[in-house]
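Asks: Quick one: this structure, given as structure tokens, is what I'll be asking you about.
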Amino acid sequence: MKFFFKKNFRCDDSALSTSIQINNILWLNNKTLEIKSCISLYYLNSLTKGDFEIQGNDLILKFDTKTKKILPGEAVCFSCMKHYEATYKFTGLEKNNITLKLKQKGESFINQK
């Protein structure tokens, strides 16, 4: 099985909530799975990388963040959000009944489908 992760800085306008959600699940030729999610983070956090874990029938989509350090005198918007579209793509994965879960590394589950 091969894994690919890609991030874009903005989700489409229909997904600009302040939540973290799985937006689209697409099977291509029954062996390639593409999952798109919208991850909204506070201004000081940036999406850095994606990963996954398989536990039984659960496919756990993970993402990691980095927190920006505040410099002395720097103006910061603590309530502002950044929206990322994260694409997880798996090839060589057999199509079967799986449960998708989305979580930040080191945190509890945020969303599942």
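FYI, nothing fancy with the structure tokens labels: chains A, B, ... in order, residues from 1 per chain, ligands from 1 as they appear.
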Among range 5-112 of chain A, which ones does DSSP place in strand (DSSP E or B), written as JSON, numbers by chain?
Replies: {"A": [5, 6, 7, 8, 20, 21, 22, 23, 24, 25, 26, 27, 28, 32, 33, 34, 35, 36, 37, 38, 39, 40, 41, 42, 45, 46, 47, 48, 49, 50, 51, 52, 53, 54, 55, 58, 59, 60, 61, 62, 63, 64, 65, 66, 67, 81, 82, 83, 84, 85, 86, 87, 88, 89, 90, 91, 99, 100, 101, 102, 103, 104, 109, 110, 111, 112]}
Asks: With a distance cut-off of 8 Å and only C-alpha atoms, select the neighbouring residues of Lys7 in chain A, excluding the residue or stretch itself and same-chain residues fewer than 6 positions from it, and output the selection as a list in words.
Replies: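 The neighbour list is Leu47, Tyr84, Glu85, Ala86 and Thr87 of chain A.
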Asks: Which neighbours of Lys31 in chain A fall inside 10 Å, counting only C-alpha atoms, when residues of the same chain fewer than 4 positions from it are skipped, and could you give them as a compact mmCIF listing (two decimals) with C-alpha atoms, in the first residue's frame?
Replies:
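And here's selection.txt as it stands now:
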# COMPACT_ATOMS: atom_id res chain seq x y z
CA MET A 1 0.00 0.00 0.00
CA TRP A 27 -12.94 5.13 -4.25
CA PHE A 90 -4.06 5.43 -0.54
CA THR A 91 -3.25 3.10 -3.44
CA GLY A 92 -3.21 -0.67 -3.19
CA LEU A 93 -5.87 -0.64 -0.49
CA GLU A 94 -8.68 -3.17 -0.91
CA LYS A 95 -12.16 -1.68 -0.83
CA ASN A 96 -13.98 -3.02 2.21
Asks: In Å to one decimal, how far is CA of Leu100 in chain A from CA of Cys80 in chain A?
Replies: 28.3 Å
Asks: Could you check how far CA of Phe52 in chain A sits from CA of Phe78 in chain A, in Å to one decimal?
Replies: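 So the answer is 29.5 Å.
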Asks: Which residues are near Lys103 in chain A? Cut-off 12 Å, only C-alpha atoms, ignore same chain within fewer than 6 positions. Put them as a PyMOL selection string.
Replies: chain A and resi 20-22+37-39+50-53+59-65+109-112
Asks: Pick out the residues sitting within 7 Å of Asp58 in chain A, and hand them over as a ChimeraX atom specification; count only C-alpha atoms, and ignore anything fewer than 2 positions along from it in its own chain.
Replies: /A:54-56,60,98-100
Asks: Output the selection as a JSON list (two decimals), in the first residue's frame - C-alpha atoms for each residue.
Replies:
[["chain", "number", "residue", "atom", "x", "y", "z"],
["A", 54, "ILE", "CA", -4.78, 1.02, 10.68],
["A", 55, "GLN", "CA", -6.41, -0.69, 13.66],
["A", 56, "GLY", "CA", -8.73, -3.51, 12.61],
["A", 60, "ILE", "CA", -7.15, 6.59, 11.35],
["A", 98, "ILE", "CA", -13.71, 0.60, 6.95],
["A", 99, "THR", "CA", -14.38, 3.33, 9.46],
["A", 100, "LEU", "CA", -12.53, 6.59, 8.89]]
Asks: Given the choices A:His83, A:Lys2, A:Lys66, A:Lys36, which gets closest to Gln104 in chain A if the distance is worked out from only C-alpha atoms?
Replies: A:Lys66
Asks: Could you tell me which of A:Lys82, A:Lys6, A:Asn29, A:Gly73 comes closest to Tyr43 in chain A if we count only C-alpha atoms?
Replies: A:Lys82
Asks: Kindly give the distance, in Å, that separates CA of Thr32 in chain A and CA of Leu102 in chain A, rounded to a single decimal.
Replies: 18.5 Å
Asks: Looking at A:Lys68, A:Lys89, A:Lys105, A:Lys49, which one is nearest to Asn24 in chain A, with distances taken over only C-alpha atoms?
Replies: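 Of A:Lys68, A:Lys89, A:Lys105, A:Lys49, the one nearest Asn24 in chain A is A:Lys89, counting only C-alpha atoms.
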